[in-house]
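**Student:** Have a look at this one.
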Amino acid sequence: MKADLIINASTIACCTEGKGAGIIEGGYIAVKNGRIIELGKGNAPVNMEGSNTRIINAYGKTVTPGLIDSHTHLIHGGSREKELPLKLKGVPYLEILKMGGGILSTVRSTRSASKEELKSKAEKSLDRMLLHGTTTVEAKSGYGLDFDTEIKCLEAAAELNASHPVDIVSTYMGAHAVPEEFKGNTRGYMGFMFEKVMPYIRENNLAEYIDVFCEEGVFSPEESRIIMQKGKEEGFKLKIHADEIVPLQGAELAGEMGAVSAEHLLAASDEGIAAMAEAGTTAILLPGTSFYLMLGKYAQARKMMEKGVRVAIATDYNPGTCPTENLQSIMTFACFGMKMTPEEIIKGMTLNAAYGVDKVMEIGSLEAGKKADMVIFDAPNLEYIIYHFGINHVSTVIKNGETVVENGMIIKNKGIGR
Ligand code: NIG
Ligand code: FE
């Protein structure tokens, strides 16, 4: 029987239900066979300290649940740093897309890459995520758009899920843009997704969710509703990129359709916020994207929380609007951009993010019975992680009870807990 015992932790952020982050100052966590069996304040129970138990002294350190990055566009080819001069000139994001750049330029790079190339690029990203404390990631397709490339990307995600310690939750996002071959024929493209792509993904269990980019010049609210309805009928759970740039009542639509999550939401209306609270839709906010698009505006996290919406925070890792795998930097943007407290932020990347991917029975908090996915930060408290920004504070990552990062380095990379 394999056991670990973390002792003397200066801060444990349990991230359990209820107000605050469930902070324990000076405590222990006992793990057996990949699960948390007990945790609390003070000294660990003596009977855990057998010879088979590995003791980890976390004095001066902070322990949190493994971070969950609940919104990423993990699998893609190429990079878009060449768009930087356009961005600096102030050319708007949707304008670059209209000119065939943006998402459509990544579509070209993704189509021309082999599955192996996409996997090795994404594997590097997963390594970076793990090193920064992420143990579960949601990954959207949507840079292939045609049948072969979407399937290639979703298969790449499934294969990486089987081989890499980070768990991947897959989303089919064919509705990320209308591909050039269907330009001016959005309905034709929707028919193609409905008849050719969605049934295949379902039959082959390649995605749990569908997502749609409901945005001016991309998919209208009416088209988004039809796509979500079809996805639901096919048995997918729903996500939506809602009210990112132009207010289109995407949050209202998320509530109406019973979406698990609505994401971005910078321009969400009061009615949309109420609809999400009512439906129990998790708001996944992406402050790194606000920063990177230089929008001068962040989602109204405080208002959403006051109105009873569960708020999660994610990177939006993608090659255009937020090219970073580092959730710790995003913590700082959430704090300074959206005025969230460190306890609210860590909950947004653990328990609330687990709701955002519908995995709350297994992960997202430190409590007996849950998976032992944990991060030990070389920081005495949560505030310090956010305050001292732009660096990696992670010293140890434990995934399914196995230590996968030690002293800030990956020590194990395959077949963890499977
Ligand atoms: O979430 N908004 C749409 N999709 C991504 C950006 C994709 C890209 O620019 O490549 C986002 O911001
Ligand atoms: Fe996104």
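In the structure tokens, each chain is lettered A, B, ... as it comes, each chain's residues begin at 1, and ligands are numbered from 1 in order of appearance.
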As a PyMOL selection string, please: every protein or nucleic acid residue near ligand 2 (cut-off 9 Å, counting only C-alpha atoms and all ligand atoms).

**Tutor:** chain A and resi 71-73+140+176+213+241+263-264+286+289+315-318+321-322

**Student:** Write down as a ChimeraX atom specification the residues belonging to range 112-205 of chain A that are assigned strand (DSSP E or B) by DSSP computed on the backbone.

**Tutor:** /A:134-140,167-175

**Student:** So which residues touch range 243-255 of chain A within 9 Å, counting only C-alpha atoms, skipping near sequence neighbours fewer than 4 positions away, as a PyMOL selection string?

**Tutor:** chain A and resi 94+213-216+220-221+224-225+238-239+259-269+271-281+283+295+299

**Student:** Out of A:Glu406, A:Asp146, A:Glu195, A:Asp211, which residue has the shortest atom-to-atom distance to ligand 1 when counting only C-alpha atoms and all ligand atoms?

**Tutor:**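 Of A:Glu406, A:Asp146, A:Glu195, A:Asp211, the one nearest ligand 1 is A:Asp211, counting only C-alpha atoms and all ligand atoms.
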
**Student:** Mind checking which residues fall within 6 Å of range 366-375 of chain A, counting only C-alpha atoms, ignoring those fewer than 3 positions away in the same chain, and posting them as a short mmCIF file (atom, residue, chain, number, x, y, z; two decimals) with N, CA, C and O atoms, in the first residue's frame?

**Tutor:**
```cif
data_model
loop_
_atom_site.label_atom_id
_atom_site.label_comp_id
_atom_site.auth_asym_id
_atom_site.auth_seq_id
_atom_site.Cartn_x
_atom_site.Cartn_y
_atom_site.Cartn_z
N CYS A 14 -8.00 24.21 1.46
CA CYS A 14 -8.78 22.99 1.15
C CYS A 14 -9.72 23.20 -0.04
O CYS A 14 -10.03 22.27 -0.77
N GLY A 34 -3.55 6.82 -3.79
CA GLY A 34 -3.99 7.85 -4.73
C GLY A 34 -5.14 8.72 -4.25
O GLY A 34 -5.59 9.60 -4.99
N ARG A 35 -5.63 8.47 -3.04
CA ARG A 35 -6.76 9.27 -2.52
C ARG A 35 -6.38 9.94 -1.21
O ARG A 35 -5.56 9.41 -0.44
N ILE A 36 -7.01 11.07 -0.94
CA ILE A 36 -6.82 11.73 0.35
C ILE A 36 -7.63 10.94 1.38
O ILE A 36 -8.81 10.64 1.14
N ILE A 37 -7.01 10.57 2.50
CA ILE A 37 -7.81 9.85 3.50
C ILE A 37 -8.12 10.71 4.72
O ILE A 37 -9.09 10.48 5.41
N GLU A 38 -7.29 11.70 4.96
CA GLU A 38 -7.53 12.52 6.15
C GLU A 38 -6.68 13.79 6.05
O GLU A 38 -5.59 13.78 5.48
N VAL A 63 -0.15 24.36 0.49
CA VAL A 63 -0.67 23.22 -0.28
C VAL A 63 -2.07 23.57 -0.78
O VAL A 63 -2.92 24.05 -0.02
N THR A 64 -2.29 23.33 -2.07
CA THR A 64 -3.62 23.55 -2.66
C THR A 64 -4.02 22.30 -3.45
O THR A 64 -3.17 21.46 -3.76
N PRO A 65 -5.30 22.18 -3.82
CA PRO A 65 -5.65 21.12 -4.77
C PRO A 65 -4.91 21.34 -6.08
O PRO A 65 -4.51 22.49 -6.38
N GLY A 66 -4.71 20.30 -6.86
CA GLY A 66 -4.14 20.47 -8.20
C GLY A 66 -4.97 21.50 -8.95
O GLY A 66 -6.20 21.50 -8.87
N GLY A 133 1.68 23.73 -11.91
CA GLY A 133 0.68 23.31 -10.93
C GLY A 133 -0.65 22.84 -11.48
O GLY A 133 -1.56 22.51 -10.72
N GLU A 362 -14.72 14.18 -8.03
CA GLU A 362 -13.39 13.57 -8.01
C GLU A 362 -12.25 14.51 -7.63
O GLU A 362 -11.28 14.10 -7.00
N ILE A 363 -12.36 15.75 -8.09
CA ILE A 363 -11.23 16.69 -7.95
C ILE A 363 -11.73 18.07 -7.52
O ILE A 363 -12.92 18.29 -7.40
N THR A 396 6.39 21.13 -5.65
CA THR A 396 6.00 19.72 -5.80
C THR A 396 4.59 19.63 -6.38
O THR A 396 3.72 20.42 -6.01
N VAL A 397 4.39 18.69 -7.31
CA VAL A 397 3.04 18.39 -7.78
C VAL A 397 2.79 16.90 -7.57
O VAL A 397 3.63 16.07 -7.93
N ILE A 398 1.64 16.60 -6.98
CA ILE A 398 1.26 15.20 -6.75
C ILE A 398 0.00 14.94 -7.57
O ILE A 398 -0.96 15.71 -7.50
N LYS A 399 0.05 13.90 -8.40
CA LYS A 399 -1.09 13.58 -9.27
C LYS A 399 -1.52 12.16 -8.97
O LYS A 399 -0.71 11.23 -9.05
N ASN A 400 -2.78 11.95 -8.61
CA ASN A 400 -3.27 10.62 -8.22
C ASN A 400 -2.37 9.97 -7.17
O ASN A 400 -2.11 8.78 -7.21
N GLY A 401 -1.84 10.78 -6.27
CA GLY A 401 -1.00 10.23 -5.20
C GLY A 401 0.46 10.01 -5.58
O GLY A 401 1.25 9.59 -4.74
#
```

**Student:** Can you tell me how far CA of Ile68 in chain A sits from CA of Ala113 in chain A, in Å to one decimal?

**Tutor:** 27.7 Å

**Student:** Which residues come within 12 Å of Thr62 in chain A, counting only C-alpha atoms, excluding same-chain residues fewer than 5 positions away, as a count of residues only?

**Tutor:** 35

**Student:** Choose the residue, out of A:Lys347, A:His164, A:Arg80, A:Lys87, that has the smallest atom-to-atom separation from Ala314 in chain A; count only C-alpha atoms.

**Tutor:**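 Of A:Lys347, A:His164, A:Arg80, A:Lys87, the one nearest Ala314 in chain A, counting only C-alpha atoms, is A:Lys347.
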
**Student:** Check range 167-211 of chain A with DSSP on the backbone and list each residue it calls helix (DSSP H, G or I), as a ChimeraX atom specification.

**Tutor:** /A:180-182,186-203

**Student:** So what do you get for CA of Ala354 in chain A versus CA of Leu67 in chain A, distance-wise?

**Tutor:**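 Calculated distance between CA of Ala354 in chain A and CA of Leu67 in chain A is 9.3 Å.
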
**Student:** State, in Å with one decimal place, the distance from CA of Ala162 in chain A to CA of Gln328 in chain A.

**Tutor:** 25.6 Å
